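Asker: First, the structure itself, so that you have it in front of you.
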Amino acid sequence: MTNEPLIRVQGLRKTYVQQQPFSRGKFLVRALDGIDLAIRAGSSFALVGESGSGKSTLALCMARLEPPTEGKVWFDAQDLFSLTGPELMLVRRHIQLIFQDTAAALNPRFSAEEVIIEPLRIQSVGTRAEQRDRAVHLMEKVGLPSAWLSRRPHQFSGGQRQRLAIARALALQPRSLILDEAFTGLDLSIQAQMVALLQNLQSLEKLTYLFISHDLGLMAHVADEIAILHRGRIVEQGEPGRLFSNPCQPETRALLDAIPGRHSALSFGQS
Amino acid sequence: MEPLLEVRDLHVDYFTDGMPPVQVLRGVSFTVGKNEAVGILGESGCGKSTLALAILRLLPFGSRVRGAVFYKSRDLVNLPEREMEKLRGAEVSLVFQDASSSLHPTLRVGTQIADVAAAHHRGWSATRRREGTEAILREVGFDDADRIYASYPHQLSGGQQQRIAIAQALISEPSLLIADEPTSSLDTTVQAEILALLKRLRREHNLALVFISHNPAVLAEMADRLLVVYAGQIVEEGSVQQVLSSPLHPFATALLRCVPKEVRHNKADRSLSAIPGSPPDPAETPVGCPFAPRCSGRMDICGSRMPAETQPEPDRKVRCFKYGG
Amino acid sequence: MAYLLRRLLHGVMVLVGVSVLSFLFVQLAPGEFFSDMRLNPQISPETIASLRAQYGLDRSLPVRYVNWVRSVAKGEWGYSFAYGLPVSQVIWSRARNTLLLTVTAALLAWLISIPLGTYAAERRNRWGDRVTVAGSAVLLTVPDLLLALALLIFAIRTNAFAAGGMASTQFADLGTFAKVKDVAAHFTLPVTALVLGTLPIFFRHVRASMIEALALPSISAARGHGIPRRRILFRYALPAAANPLISLFGFSIASLLSASLLVEVVMSWPGMGPMLLEAILARDLYVVIGAVMLSTLFLVAGNFIADVLLYLSDPRIRQGAV
């Protein structure tokens with residue numbers, strides 16, 4: 001592993017104009033107010049914040065889906081926003097996004113197979129037969145029966161759809177995945193399955209993960225490093241163990257206190 | 001002491017044209033005492049939401065209810081609809097998961113609360129209703145009650161919308177509040193606020209609470225007693241401490257291992273053991289114990305018939321062959 | 001607000017566009033008012049030429065258009081060759097009669113379909129619903145023409161209603177109240193035909209919108225709070241169902257001048273229908289254009305009214321959130 005981080009963000013700012021619901025005026029929204037971070041290859045990084053903290057905006061900027069007002073994003077030492085054409089296409093392969101609402105993210109008219117090979121088609125990778133083989137391989141990799149390739153997304157359960165989205169994300173053999181609230185709304189047992197799957201895939205495929213979530217408790221299980229986002233700024237950052245035992249900032253403490261059951265004396269099946 | 005709510009052997013089936021009936025609830029029995037907080041723990045599709053709707057007779061057309069529901073000894077299943085309308089919101093209230101869709105989009109939020117007051121306090125004048133609404137808005141945590149009164153739901157955040165729904169549920173001073181996953185679609189910090197609000201309101205209004213959730217940690221905070229539901233049946237019952245610290249049923253044990261816990265420093269420790277397979281499809285009627293396909297302690301007898309409910313300890317019930325049945 | 005002004009501007013553009021297009025299309029149709037005269041050997045070509053010059057038919061199309069626009073500004077809307085009167089006079093007297101029919105029919109159709117559709121939606125798939133839906137299906141499949149004729153035959157056979165025309169022959173001699181009764185007796189039949197034709201469509205839309213509205217979580221939540229059924233229907237469900245119905249309402253305004261054409265012709269009601277038919281056959285150019293423009297005006301107004309109502313009914317549209 002090199003010392004140079006795989007993904008680096010420097011001085012990222014994003015502001016836009018918004019209409020106030022209760023007044024006549026417009027005002028400036030600072031969604032991102034100077035973000036610096038570095039993610040090492042092969043590691044899992046988590047951005048934790050509430051709604052409105054700017055975390056989704058950050059995900060979009062880092063995936064080059066939204067231009068920042070200021071600042072730079074580097075992927076593998078390349079300036080993401082100065083790339084064009086075939087170079088950009090190549091880098092786009094390596095930053096794949098997974099969203100929360102899979103029902104909306106997957107085209108309901110596509111079969112599972114078509115969903116998975118769509119990125120291959122867009123980037124013109126492989127022949128039709130090779131693409132089909134890859135789809136079978138990916139389905140099995142995410143733990144779904146390959147017989148389900150002909151089914152439509154709405155025939156899958158929430159957790160199964162999420163697996164399908166992961167399969168699609170892996171189609172182009174990316175180096176990194178950005179998961180934006182990918183676990184929210186799933187049953188606990190399904191959530192645990194997803195975590196296990198992702199951890200397994202990470203070591204198999206040498207993936208780098210960026211998790212975005214409001215669930216600090218869950219992120220402590222999946223991340224090597226956590227950054228707490230509040231109103232567009234990173235207020236605290238560190239290893240989960242350190243954050244939990246020694247939180248410095250009030251926002252971090254607030255997020256910790258909010259974890260349900262933290263103050264009850266129960267040990268959840270451990271006694 | 002007479003329980004506030006008693007549910008006895010409740011069965012709910014859904015009928016759709018041309019298909020066999022789906023058994024959503026298969027014989028559920030439990031009680032809720034005055035001021036008691038009962039938690040209902042289960043995954044998607046286990047029938048927990050149906051239970052809430054069935055108690056208040058809000059099930060959609062095409063469902064059949066068998067069994068008994070008693071509220072203060074009144075038979076709710078056979079109550080005339082007129083009487084049921086008077087009971088809903090005034091004696092037993094319901095708070096849903098998604099406040100943004102349970103509030104009407106084109107009516108002002110204050111009006112929606114006042115409407116509930118109008119339904120149950122026929123004698124109140126318009127001014128009295130307005131005062132009552134502003135009072136309850138302040139109680140649920142809004143400082144600027146009259147600005148909020150005039151807002152529309154889409155102008156409020158998720159947490160604010162849920163507070164409005166709670167205000168609607170409580171304005172007529174019910175004795176029992178049923179909350180169906182009220183915080184599952186909210187951020188963790190907002191969830192903590194709403195849970196704290198519910199705890200405070202419970203104390204101040206002497207409310208009994210039925211709290212439905214898929215998250216054991218939330219129930220640890222909110223409930224005194226816990227019912228674990230799987231595939232339309234109660235598979236374990238006991239106090240919250242007992243069930244969450246030393247669960248008996250394999251499903252409860254496995255589910256608790258999925259709760260993210262205090263993190264350890266070693267990355268190798270940072271795994272969450274998962275339950276293999278998926279929650280069962282209510283449309284499929286199992287032979288034998290419905291959890292058997294996912295159970296690590298599965299025995300031969302588990303596939304032959306449904307286990308009966310047993311009482312291995314005082315005040316604890318479980319439905320599993322490991323404990324007789 | 002800006003939204004509504006844009007819609008208004010849009011409507012004006014439609015009117016201008018339609019005027020130009022209808023000019024072009026009428027021009028493209030073969031023949032003109034004086035074609036028949038040409039066949040008459042007793043009328044000399046010079047007479048025809050001077051008549052044409054008098055009516056401006058010898059000028060080029062753009063010139064005629066500009067003259068027509070000037071005439072519109074004066075309130076005359078051109079000149080009718082057949083009647084020898086300004087088009088506005090000719091059309092308005094007929095339009096009044098048509099509106100009498102269609103406004104009454106539309107009001108009745110809406111007043112019946114809203115409660116009926118709500119009733120059916122509430123009792124979905126039960127007896128009450130099945131009967132009304134089947135009834136509307138039957139009415140829908142019967143062509144309007146057949147309905148009108150059937151009613152006419154029924155009226156003639158039974159002598160129950162005045163059949164045909166708008167007034168009896170002694171109309172002028174009747175006192176005011178008797179006049180009103182006379183007209184009312186005559187318009188029962190055409191109004192019935194119109195109502196029977198449009199009712200099933202409105203009913204189905206109301207029923208469908210109400211079924212959707214009643215299935216909304218906000219309705220279950222309101223029920224859960226013990227809000228009585230009646231209040232839920234009017235305060236919660238109907239407003240939620242209103243959106244598609246407002247568009248339909250706009251459409252029914254839009255078609256106020258055109259919907260009754262068939263019925264008017266069959267029942268000899270002196271409305272826009274028969275007049276337009278005559279004018280087309282006679283190539284009475286400016287009458288045709290005038291009628292088309294008036295219909296378009298109603299169309300634009302109907303759409304605009306629907307836009308205004310939507311704007312007023314949904315705060316999310318007002319605040320630009322949707």
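Each chain of the structure tokens is named A, B, ... in the order shown, its residues numbered from 1; ligands are numbered from 1 in display order.
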Just want the 8 Å neighbourhood of Phe298 (chain C), counted on only C-alpha atoms, with same-chain residues fewer than 4 positions away dropped. Output as a compact mmCIF listing (two decimals) with N, CA and C atoms, in the first residue's frame.
Answerer:
```txt
# COMPACT_ATOMS: atom_id res chain seq x y z
N ILE C 253 -65.06 22.96 -19.07
CA ILE C 253 -65.30 24.35 -19.45
C ILE C 253 -64.87 24.55 -20.89
N ALA C 254 -63.72 23.97 -21.19
CA ALA C 254 -63.16 24.15 -22.52
C ALA C 254 -64.12 23.67 -23.60
N SER C 255 -64.86 22.61 -23.27
CA SER C 255 -65.71 22.05 -24.31
C SER C 255 -67.15 22.57 -24.26
N LEU C 256 -67.36 23.65 -23.51
CA LEU C 256 -68.73 24.15 -23.36
C LEU C 256 -69.37 24.54 -24.68
N LEU C 257 -68.57 24.99 -25.63
CA LEU C 257 -69.18 25.40 -26.90
C LEU C 257 -69.23 24.26 -27.91
N LEU C 294 -63.89 31.56 -30.94
CA LEU C 294 -64.65 31.58 -29.67
C LEU C 294 -64.45 30.27 -28.93
N GLY C 302 -60.72 27.67 -20.10
CA GLY C 302 -60.89 26.47 -19.28
C GLY C 302 -59.57 26.01 -18.70
```
Asker: Need the shell around region 317-322 of chain B: protein/DNA/RNA residues with any atom at most 9 Å away, counting only C-alpha atoms. Skip same-chain ones fewer than 6 positions apart. Format as number ranges by chain?
Answerer: B: 233-238, 248-250, 289, 297, 299, 301-302, 306-311
Asker: Could you name the residues that touch Gly42 (chain B) at 10 Å or less, counting only C-alpha atoms, but leaving out those on the same chain fewer than 5 positions away, as a list in words?
Answerer: Asp187 and Leu188 of chain A; Gly47, Lys48, Ser49, Ile212, Ser213, His214, Asn215, Pro216, Leu227, Val228, Val229, Tyr230, Ala231, Gly232, Gln233, Ile234, Phe251, Ala252, Leu255 and Pro279 of chain B
Asker: Give me the residues within 12 Å of region 63-70 of chain C as an mmCIF file with C-alpha atoms, in the first residue's frame, counting only C-alpha atoms and dropping any in the same chain fewer than 6 places off.
Answerer:
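The resulting selection_16.cif:
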```
data_model
loop_
_atom_site.group_PDB
_atom_site.id
_atom_site.type_symbol
_atom_site.label_atom_id
_atom_site.label_comp_id
_atom_site.auth_asym_id
_atom_site.auth_seq_id
_atom_site.Cartn_x
_atom_site.Cartn_y
_atom_site.Cartn_z
ATOM 1 C CA VAL C 16 -53.012 34.094 -32.018
ATOM 2 C CA SER C 19 -56.309 32.494 -35.663
ATOM 3 C CA VAL C 20 -53.488 32.259 -38.146
ATOM 4 C CA LEU C 21 -53.904 28.538 -38.662
ATOM 5 C CA SER C 22 -57.657 28.700 -39.098
ATOM 6 C CA PHE C 23 -57.237 31.435 -41.659
ATOM 7 C CA LEU C 24 -54.845 29.253 -43.573
ATOM 8 C CA GLN C 27 -58.323 29.275 -47.274
ATOM 9 C CA ALA C 53 -64.130 43.291 -53.894
ATOM 10 C CA TYR C 55 -66.065 41.801 -49.081
ATOM 11 C CA GLY C 56 -62.359 42.077 -49.599
ATOM 12 C CA LEU C 57 -62.045 38.583 -51.006
ATOM 13 C CA GLU C 76 -67.153 43.014 -35.099
ATOM 14 C CA TRP C 77 -64.983 39.965 -35.815
ATOM 15 C CA GLY C 78 -65.505 40.269 -39.518
ATOM 16 C CA TYR C 79 -68.624 40.134 -41.611
ATOM 17 C CA PRO C 86 -71.137 41.508 -38.165
ATOM 18 C CA VAL C 87 -69.988 38.054 -37.145
ATOM 19 C CA LEU C 285 -65.519 32.463 -44.049
ATOM 20 C CA TYR C 286 -65.511 34.845 -41.146
ATOM 21 C CA VAL C 287 -68.306 33.106 -39.303
ATOM 22 C CA ILE C 289 -63.213 31.614 -38.139
ATOM 23 C CA GLY C 290 -65.164 33.485 -35.508
ATOM 24 C CA MET C 293 -61.854 31.481 -32.238
#
```
Asker: What's around region 79-90 of chain A at 8 Å? Count only C-alpha atoms, leave out sequence neighbours fewer than 6 positions away in its own chain, and write the answer as an MDAnalysis selection string.
Answerer: chainID A and resid 64 67 72:73 123
